[in-house]
file run-v4.pdb (PDB, C-alpha atoms)
ATOM      1  CA  MET A   1      13.772  -6.488 -10.336
ATOM      2  CA  LEU A   2      11.764  -3.902  -8.443
ATOM      3  CA  ARG A   3      14.020  -4.003  -5.370
ATOM      4  CA  ARG A   4      17.143  -3.186  -7.402
ATOM      5  CA  TRP A   5      15.140  -0.631  -9.391
ATOM      6  CA  LEU A   6      13.991   1.208  -6.268
ATOM      7  CA  ILE A   7      17.478   1.277  -4.739
ATOM      8  CA  GLY A   8      19.212   2.296  -7.971
ATOM      9  CA  ALA A   9      16.699   4.991  -8.738
ATOM     10  CA  LEU A  10      16.988   6.322  -5.208
ATOM     11  CA  LEU A  11      20.767   6.634  -5.484
ATOM     12  CA  LEU A  12      20.450   8.590  -8.733
ATOM     13  CA  SER A  13      17.627  10.791  -7.522
ATOM     14  CA  PRO A  14      18.122  14.531  -6.987
ATOM     15  CA  LEU A  15      15.924  14.276  -3.903
ATOM     16  CA  SER A  16      17.726  14.938  -0.644
ATOM     17  CA  GLY A  17      18.265  12.072   1.773
ATOM     18  CA  ALA A  18      15.741  13.523   4.186
ATOM     19  CA  SER A  19      13.029  13.919   1.570
ATOM     20  CA  CYS A  20      13.689  10.447   0.178
ATOM     21  CA  ALA A  21      13.273   8.924   3.607
ATOM     22  CA  ALA A  22      10.096  10.887   4.150
ATOM     23  CA  VAL A  23       8.613   9.953   0.788
ATOM     24  CA  LEU A  24       9.835   6.409   0.280
ATOM     25  CA  ASP A  25      10.715   5.182   3.763
ATOM     26  CA  ILE A  26      13.239   3.229   1.740
ATOM     27  CA  GLU A  27      15.326   2.046   4.646
ATOM     28  CA  GLU A  28      12.404  -0.129   5.740
ATOM     29  CA  ALA A  29      11.622  -1.464   2.272
ATOM     30  CA  GLU A  30      12.640  -5.090   1.824
ATOM     31  CA  LEU A  31      10.869  -6.054  -1.364
ATOM     32  CA  ASP A  32      10.713  -9.603  -2.667
ATOM     33  CA  GLU A  33      12.518 -10.274  -5.943
ATOM     34  CA  THR A  34       9.214 -11.735  -7.192
ATOM     35  CA  ILE A  35       7.295  -8.491  -6.922
ATOM     36  CA  GLY A  36       6.445  -7.150 -10.334
ATOM     37  CA  ALA A  37       7.485 -10.408 -11.991
ATOM     38  CA  GLY A  38       4.307 -12.352 -11.493
ATOM     39  CA  GLY A  39       5.196 -13.417  -7.963
ATOM     40  CA  SER A  40       2.335 -14.080  -5.592
ATOM     41  CA  GLN A  41       2.134 -14.864  -1.920
ATOM     42  CA  THR A  42      -1.523 -15.831  -1.954
ATOM     43  CA  GLN A  43      -0.877 -19.577  -2.103
ATOM     44  CA  GLY A  44      -1.183 -21.219   1.283
ATOM     45  CA  THR A  45      -0.969 -18.382   3.073
ATOM     46  CA  PRO A  46       0.397 -15.466   4.790
ATOM     47  CA  CYS A  47      -1.845 -13.451   2.465
ATOM     48  CA  GLU A  48      -4.900 -15.655   2.954
ATOM     49  CA  GLU A  49      -4.543 -15.467   6.724
ATOM     50  CA  TYR A  50      -3.959 -11.729   6.624
ATOM     51  CA  CYS A  51      -6.897 -11.027   4.327
ATOM     52  CA  ASP A  52      -9.246 -13.158   6.413
ATOM     53  CA  THR A  53      -8.128 -11.270   9.528
ATOM     54  CA  VAL A  54      -8.284  -7.739   8.156
ATOM     55  CA  MET A  55     -11.636  -8.339   6.452
ATOM     56  CA  ALA A  56     -13.077  -9.706   9.729
ATOM     57  CA  ASN A  57     -11.662  -7.059  12.065
ATOM     58  CA  CYS A  58     -11.721  -3.874  10.000
ATOM     59  CA  THR A  59     -15.380  -3.371   9.207
ATOM     60  CA  GLN A  60     -18.116  -0.771   9.035
ATOM     61  CA  GLY A  61     -20.020   0.086  12.200
ATOM     62  CA  ASP A  62     -20.462   2.393  15.191
ATOM     63  CA  GLY A  63     -20.517   5.365  12.849
ATOM     64  CA  PHE A  64     -17.051   4.553  11.484
ATOM     65  CA  ASP A  65     -15.900   2.813   8.331
ATOM     66  CA  ARG A  66     -12.702   0.913   9.014
ATOM     67  CA  ARG A  67     -12.715  -1.237   5.857
ATOM     68  CA  GLN A  68      -9.331  -1.380   4.146
ATOM     69  CA  TYR A  69     -10.379  -3.386   1.091
ATOM     70  CA  ASP A  70     -13.625  -3.531  -0.814
ATOM     71  CA  SER A  71     -13.265  -7.288  -1.290
ATOM     72  CA  ARG A  72     -11.108 -10.201  -0.218
ATOM     73  CA  ASP A  73      -9.873 -10.536  -3.803
ATOM     74  CA  THR A  74      -8.632  -6.946  -3.740
ATOM     75  CA  CYS A  75      -6.867  -7.675  -0.470
ATOM     76  CA  LEU A  76      -5.162 -10.713  -1.984
ATOM     77  CA  GLY A  77      -4.142  -8.715  -5.046
ATOM     78  CA  VAL A  78      -2.541  -6.021  -2.904
ATOM     79  CA  CYS A  79      -0.968  -8.461  -0.483
ATOM     80  CA  ALA A  80       0.837 -10.213  -3.332
ATOM     81  CA  ARG A  81       2.860  -7.035  -3.851
ATOM     82  CA  PHE A  82       4.370  -7.067  -0.352
ATOM     83  CA  PRO A  83       7.127  -9.240   1.143
ATOM     84  CA  SER A  84       6.005 -11.728   3.759
ATOM     85  CA  GLY A  85       8.311 -10.462   6.495
ATOM     86  CA  THR A  86       8.767 -12.253   9.793
ATOM     87  CA  GLU A  87       6.004 -13.334  12.140
ATOM     88  CA  GLY A  88       5.554 -10.715  14.838
ATOM     89  CA  ASP A  89       6.798  -7.780  12.742
ATOM     90  CA  THR A  90       5.533  -4.519  14.246
ATOM     91  CA  SER A  91       7.031  -2.209  11.627
ATOM     92  CA  GLY A  92       8.059  -2.284   7.991
ATOM     93  CA  PRO A  93       6.120  -2.763   4.744
ATOM     94  CA  THR A  94       5.451  -6.482   5.199
ATOM     95  CA  VAL A  95       2.477  -8.806   5.311
ATOM     96  CA  ALA A  96       3.485  -9.894   8.821
ATOM     97  CA  CYS A  97       3.351  -6.299  10.078
ATOM     98  CA  ARG A  98      -0.129  -5.873   8.623
ATOM     99  CA  GLN A  99      -1.216  -9.168  10.148
ATOM    100  CA  HIS A 100      -0.050  -7.984  13.574
ATOM    101  CA  TYR A 101      -2.152  -4.820  13.481
ATOM    102  CA  ALA A 102      -5.125  -6.552  11.877
ATOM    103  CA  GLU A 103      -5.139  -8.899  14.878
ATOM    104  CA  LEU A 104      -4.863  -5.988  17.337
ATOM    105  CA  ALA A 105      -7.879  -4.359  15.678
ATOM    106  CA  ALA A 106     -10.057  -7.165  17.011
ATOM    107  CA  THR A 107      -9.419  -6.223  20.622
ATOM    108  CA  SER A 108      -8.389  -2.572  20.858
ATOM    109  CA  GLU A 109      -8.480   0.715  18.975
ATOM    110  CA  PRO A 110      -9.567  -0.449  15.530
ATOM    111  CA  ASP A 111      -9.631   3.173  14.348
ATOM    112  CA  VAL A 112      -5.885   3.278  15.010
ATOM    113  CA  HIS A 113      -4.894  -0.228  13.982
ATOM    114  CA  CYS A 114      -6.935  -0.735  10.811
ATOM    115  CA  PRO A 115      -5.230   2.008   8.772
ATOM    116  CA  ILE A 116      -1.869   0.532   9.782
ATOM    117  CA  ALA A 117      -3.059  -2.943   8.796
ATOM    118  CA  GLY A 118      -4.303  -1.702   5.431
ATOM    119  CA  PRO A 119      -2.557  -1.164   2.096
ATOM    120  CA  GLY A 120      -0.985   2.176   3.072
ATOM    121  CA  GLY A 121       0.670   1.068   6.300
ATOM    122  CA  ASN A 122       0.135   4.592   7.701
ATOM    123  CA  GLY A 123       3.807   5.106   8.601
ATOM    124  CA  GLN A 124       4.047   2.009  10.769
ATOM    125  CA  CYS A 125       3.894  -0.798   8.208
ATOM    126  CA  GLY A 126       5.660   1.465   5.730
ATOM    127  CA  ALA A 127       4.801   4.967   4.554
ATOM    128  CA  ASN A 128       1.625   5.504   2.560
ATOM    129  CA  CYS A 129       3.562   6.758  -0.499
ATOM    130  CA  LEU A 130       6.070   3.907  -0.357
ATOM    131  CA  ASN A 131       3.271   1.373  -0.310
ATOM    132  CA  PHE A 132       1.283   3.174  -2.994
ATOM    133  CA  CYS A 133       4.312   2.948  -5.297
ATOM    134  CA  THR A 134       4.938  -0.684  -4.351
ATOM    135  CA  ILE A 135       1.378  -1.484  -5.439
ATOM    136  CA  VAL A 136       0.985   0.769  -8.477
ATOM    137  CA  VAL A 137       4.316   0.284 -10.297
ATOM    138  CA  PRO A 138       3.817  -3.441 -11.034
ATOM    139  CA  SER A 139       0.032  -3.182 -11.259
ATOM    140  CA  CYS A 140      -0.009  -0.320 -13.772
ATOM    141  CA  PRO A 141       2.939  -0.690 -16.171
ATOM    142  CA  GLY A 142       3.626   2.620 -17.862
ATOM    143  CA  ALA A 143       1.898   4.751 -15.253
ATOM    144  CA  TYR A 144       5.306   5.866 -13.999
ATOM    145  CA  ASN A 145       8.682   5.653 -15.710
ATOM    146  CA  ASN A 146      10.391   4.631 -12.487
ATOM    147  CA  PRO A 147       9.759   4.462  -8.741
ATOM    148  CA  ILE A 148      11.341   7.850  -8.089
ATOM    149  CA  GLU A 149       8.860   9.486 -10.456
ATOM    150  CA  CYS A 150       6.078   7.717  -8.573
ATOM    151  CA  ALA A 151       7.443   8.747  -5.178
ATOM    152  CA  THR A 152       7.931  12.356  -6.291
ATOM    153  CA  ASP A 153       4.392  12.538  -7.655
ATOM    154  CA  CYS A 154       2.951  10.981  -4.505
ATOM    155  CA  GLY A 155       5.054  13.208  -2.264
ATOM    156  CA  ARG A 156       3.410  16.322  -3.691
ATOM    157  CA  LEU A 157      -0.027  15.208  -2.561
ATOM    158  CA  PRO A 158      -1.708  15.807   0.784
ATOM    159  CA  ASP A 159      -1.503  12.670   2.926
ATOM    160  CA  LEU A 160      -4.556  12.384   5.162
ATOM    161  CA  GLU A 161      -2.811   9.521   7.037
ATOM    162  CA  ASP A 162      -5.755   7.333   8.058
ATOM    163  CA  TYR A 163      -7.261   5.372   5.180
ATOM    164  CA  ASN A 164     -10.445   3.465   4.427
ATOM    165  CA  VAL A 165     -12.224   2.407   1.249
ATOM    166  CA  THR A 166     -14.590   5.374   1.238
ATOM    167  CA  MET A 167     -11.658   7.658   0.337
ATOM    168  CA  ASP A 168     -11.978   6.931  -3.373
ATOM    169  CA  ALA A 169     -12.213  10.540  -4.554
ATOM    170  CA  GLY A 170     -10.139  13.654  -3.923
ATOM    171  CA  GLY A 171      -6.690  15.015  -4.633
ATOM    172  CA  HIS A 172      -4.883  13.126  -1.889
ATOM    173  CA  VAL A 173      -2.699  10.063  -1.386
ATOM    174  CA  GLN A 174      -5.621   8.038  -0.075
ATOM    175  CA  CYS A 175      -7.586   8.318  -3.337
ATOM    176  CA  ARG A 176      -4.541   7.140  -5.299
ATOM    177  CA  LEU A 177      -4.080   4.295  -2.822
ATOM    178  CA  TYR A 178      -7.676   3.146  -3.240
ATOM    179  CA  HIS A 179      -7.440   3.031  -7.024
ATOM    180  CA  ALA A 180      -3.992   1.394  -6.992
ATOM    181  CA  SER A 181      -5.452  -1.306  -4.759
ATOM    182  CA  VAL A 182      -8.410  -2.090  -6.991
ATOM    183  CA  ALA A 183      -6.153  -1.804 -10.056
ATOM    184  CA  THR A 184      -4.546  -5.080  -8.983
ATOM    185  CA  LEU A 185      -7.776  -6.676 -10.265
ATOM    186  CA  ALA A 186      -8.963  -4.136 -12.862
ATOM    187  CA  PRO A 187      -6.003  -2.151 -14.205
ATOM    188  CA  ASP A 188      -7.794  -0.960 -17.349
ATOM    189  CA  VAL A 189     -10.392   0.787 -15.214
ATOM    190  CA  HIS A 190      -8.385   2.064 -12.265
ATOM    191  CA  CYS A 191      -4.769   2.739 -13.304
ATOM    192  CA  ARG A 192      -5.618   6.124 -14.786
ATOM    193  CA  HIS A 193      -7.277   7.127 -11.506
ATOM    194  CA  ALA A 194      -4.260   5.889  -9.536
ATOM    195  CA  LYS A 195      -2.096   8.148 -11.736
ATOM    196  CA  GLY A 196      -4.250  11.189 -10.908
ATOM    197  CA  ALA A 197      -7.170  11.297 -13.341
ATOM    198  CA  SER A 198     -10.622  12.121 -11.983
ATOM    199  CA  PRO A 199     -11.773  11.406  -9.312
ATOM    200  CA  CYS A 200      -8.240  11.749  -7.878
ATOM    201  CA  VAL A 201      -7.452  15.129  -9.439
ATOM    202  CA  PRO A 202      -5.256  17.276  -7.152
TER     203      PRO A 202
END
call {"tool": "encode", "arguments": {"input": "run-v4.pdb", "output": "structure tokens"}}
result
Amino acid sequence: MLRRWLIGALLLSPLSGASCAAVLDIEEAELDETIGAGGSQTQGTPCEEYCDTVMANCTQGDGFDRRQYDSRDTCLGVCARFPSGTEGDTSGPTVACRQHYAELAATSEPDVHCPIAGPGGNGQCGANCLNFCTIVVPSCPGAYNNPIECATDCGRLPDLEDYNVTMDAGGHVQCRLYHASVATLAPDVHCRHAKGASPCVP
């Protein structure tokens, strides 16, 4: 299972403890045993509620594009990769954490809260590289041999921190994150981009 795989690979990795924490944020990762094995959280609900909220509150306007997903179906595909968490979570790579910040985006600082509520988590709902690997490893079998390879590859890239769906080209984490997200629906088209092919060439 992906959770055991991440932990085992981390223990065997030559990366230092500090760099592992920076790249994977592994101490916060509590991945469901169903992830990568066909598990889905889209039935009845945490994901449906979250996707409705983030699609409604993180939008385009006022000269800013705060969209985190290009469609509700993409949101549901990404959400299925994350553990539900506990209602009220304010940190950690969970659906509940994303729901919290998606709700906050309706009333205050959407430019701050939407990137946290999105697929990357922006360091609050998990690190961008951790969440990229959580999405891409099960969505794109064969793209990476193991999660440490994914984390090492991601860790070499510039991380622009804030994310929105317009960041679909460039040699940065955000481009990989965009294509990993849409690869949940169209892996044949987007997995190669998520791995670093054009338009995500470093």
call {"tool": "closest_residue", "arguments": {"input": "run-v4.pdb", "among": "A:Val54, A:Ile148, A:Ile135, A:Cys140", "to": "Glu103 (chain A)", "atoms": "all atoms listed in the file"}}
result
A:Val54
call {"tool": "atom_distance", "arguments": {"input": "run-v4.pdb", "atom1": "CA of Cys125 (chain A)", "atom2": "CA of Ala102 (chain A)"}}
result
11.3 Å
call {"tool": "atom_distance", "arguments": {"input": "run-v4.pdb", "atom1": "CA of His179 (chain A)", "atom2": "CA of Val95 (chain A)"}}
result
19.8 Å
call {"tool": "residues_around", "arguments": {"input": "run-v4.pdb", "residues": "Ser198 (chain A)", "least_positions_apart": "5", "cutoff": "9 Å", "atoms": "only C-alpha atoms", "output": "list of chain:residue names"}}
result
A:Ala169, A:Gly170, A:Gly171, A:Arg192, A:His193
call {"tool": "write_last_selection", "arguments": {"input": "run-v4.pdb", "atoms": "C-alpha atoms", "output": "tab-separated table (two decimals), in the coordinates of the input"}}
result
chain	number	residue	atom	x	y	z
A	169	ALA	CA	-12.21	10.54	-4.55
A	170	GLY	CA	-10.14	13.65	-3.92
A	171	GLY	CA	-6.69	15.02	-4.63
A	192	ARG	CA	-5.62	6.12	-14.79
A	193	HIS	CA	-7.28	7.13	-11.51
call {"tool": "resolve_selection", "arguments": {"input": "run-v4.pdb", "expression": "the PyMOL selection byres ((chain A and resi 71-78) around 9)", "output": "list in words"}}
result
Ser40, Gln41, Thr42, Cys47, Glu48, Tyr50, Cys51, Asp52, Val54, Met55, Gln68, Tyr69, Asp70, Cys79, Ala80, Arg81, Phe82, Gly118, Pro119, Ile135, Ala180, Ser181, Val182, Ala183, Thr184 and Leu185 of chain A
call {"tool": "closest_residue", "arguments": {"input": "run-v4.pdb", "among": "A:Ala151, A:Leu157, A:Cys191, A:Cys114", "to": "Pro138 (chain A)", "atoms": "only C-alpha atoms"}}
result
A:Cys191
call {"tool": "closest_residue", "arguments": {"input": "run-v4.pdb", "among": "A:Thr134, A:Ser139, A:Thr59, A:Ser108", "to": "Thr94 (chain A)", "atoms": "all atoms listed in the file"}}
result
A:Thr134
call {"tool": "atom_distance", "arguments": {"input": "run-v4.pdb", "atom1": "CA of Tyr163 (chain A)", "atom2": "CA of Ala56 (chain A)"}}
result
16.8 Å
call {"tool": "closest_residue", "arguments": {"input": "run-v4.pdb", "among": "A:Asp89, A:Asn146, A:Asp162, A:Leu104", "to": "Gly123 (chain A)", "atoms": "all atoms listed in the file"}}
result
A:Asp162
call {"tool": "closest_residue", "arguments": {"input": "run-v4.pdb", "among": "A:Gly142, A:Val189, A:Pro46, A:Val112", "to": "Pro83 (chain A)", "atoms": "only C-alpha atoms"}}
result
A:Pro46
call {"tool": "closest_residue", "arguments": {"input": "run-v4.pdb", "among": "A:Cys200, A:Ala105, A:Met167, A:Cys150", "to": "Val136 (chain A)", "atoms": "all atoms listed in the file"}}
result
A:Cys150
call {"tool": "axis_aligned_box", "arguments": {"input": "run-v4.pdb", "around": "region 96-104 of chain A", "padding_each_side": "6 Å", "output": "JSON"}}
result
{"center_x": -0.8, "center_y": -7.4, "center_z": 13.0, "size_x": 20.6, "size_y": 17.1, "size_z": 20.7}
call {"tool": "residues_around", "arguments": {"input": "run-v4.pdb", "residues": "Gly120 (chain A)", "least_positions_apart": "6", "cutoff": "9 Å", "atoms": "all atoms listed in the file", "output": "VMD selection string"}}
result
chain A and resid 93 126 to 132 161 to 163 174 177
call {"tool": "decode", "arguments": {"input": "run-v4.pdb", "residues": "region 149-171 of chain A", "atoms": "N, CA and C atoms", "output": "compact mmCIF listing (two decimals), in the first residue's frame"}}
result
# COMPACT_ATOMS: atom_id res chain seq x y z
N GLU A 149 11.88 8.61 -5.40
CA GLU A 149 12.29 9.13 -6.70
C GLU A 149 11.43 10.32 -7.10
N CYS A 150 10.13 10.20 -6.86
CA CYS A 150 9.22 11.31 -7.15
C CYS A 150 9.56 12.54 -6.31
N ALA A 151 9.75 12.33 -5.02
CA ALA A 151 10.04 13.45 -4.12
C ALA A 151 11.37 14.11 -4.46
N THR A 152 12.37 13.30 -4.82
CA THR A 152 13.68 13.84 -5.18
C THR A 152 13.58 14.67 -6.45
N ASP A 153 12.86 14.15 -7.44
CA ASP A 153 12.66 14.87 -8.70
C ASP A 153 11.93 16.19 -8.44
N CYS A 154 10.85 16.13 -7.68
CA CYS A 154 10.08 17.33 -7.38
C CYS A 154 10.90 18.34 -6.58
N GLY A 155 11.71 17.82 -5.65
CA GLY A 155 12.49 18.71 -4.79
C GLY A 155 13.55 19.51 -5.52
N ARG A 156 13.89 19.10 -6.73
CA ARG A 156 14.88 19.85 -7.52
C ARG A 156 14.27 21.05 -8.23
N LEU A 157 12.95 21.09 -8.28
CA LEU A 157 12.27 22.11 -9.07
C LEU A 157 11.99 23.37 -8.26
N PRO A 158 11.95 24.52 -8.90
CA PRO A 158 11.48 25.71 -8.21
C PRO A 158 10.02 25.53 -7.78
N ASP A 159 9.72 25.92 -6.56
CA ASP A 159 8.35 25.88 -6.05
C ASP A 159 7.88 27.32 -5.91
N LEU A 160 6.93 27.71 -6.75
CA LEU A 160 6.42 29.08 -6.75
C LEU A 160 5.39 29.31 -5.65
N GLU A 161 5.12 28.29 -4.86
CA GLU A 161 4.22 28.31 -3.70
C GLU A 161 2.76 28.43 -4.13
N ASP A 162 2.27 29.64 -4.37
CA ASP A 162 0.87 29.79 -4.76
C ASP A 162 0.61 29.06 -6.09
N TYR A 163 -0.60 28.52 -6.20
CA TYR A 163 -0.94 27.72 -7.38
C TYR A 163 -2.32 28.11 -7.88
N ASN A 164 -2.47 28.12 -9.22
CA ASN A 164 -3.80 28.15 -9.83
C ASN A 164 -3.70 27.45 -11.18
N VAL A 165 -4.83 27.22 -11.82
CA VAL A 165 -4.86 26.38 -13.01
C VAL A 165 -4.20 27.02 -14.23
N THR A 166 -3.85 28.29 -14.17
CA THR A 166 -3.17 28.89 -15.31
C THR A 166 -1.69 28.50 -15.35
N MET A 167 -1.19 27.86 -14.30
CA MET A 167 0.24 27.55 -14.20
C MET A 167 0.52 26.18 -14.83
N ASP A 168 0.10 26.03 -16.07
CA ASP A 168 0.17 24.73 -16.74
C ASP A 168 1.37 24.60 -17.66
N ALA A 169 2.30 25.53 -17.58
CA ALA A 169 3.53 25.47 -18.37
C ALA A 169 4.66 26.09 -17.58
N GLY A 170 5.86 25.53 -17.73
CA GLY A 170 7.03 26.05 -17.04
C GLY A 170 7.73 24.97 -16.25
N GLY A 171 8.99 25.19 -15.95
CA GLY A 171 9.78 24.19 -15.25
C GLY A 171 9.70 24.30 -13.76
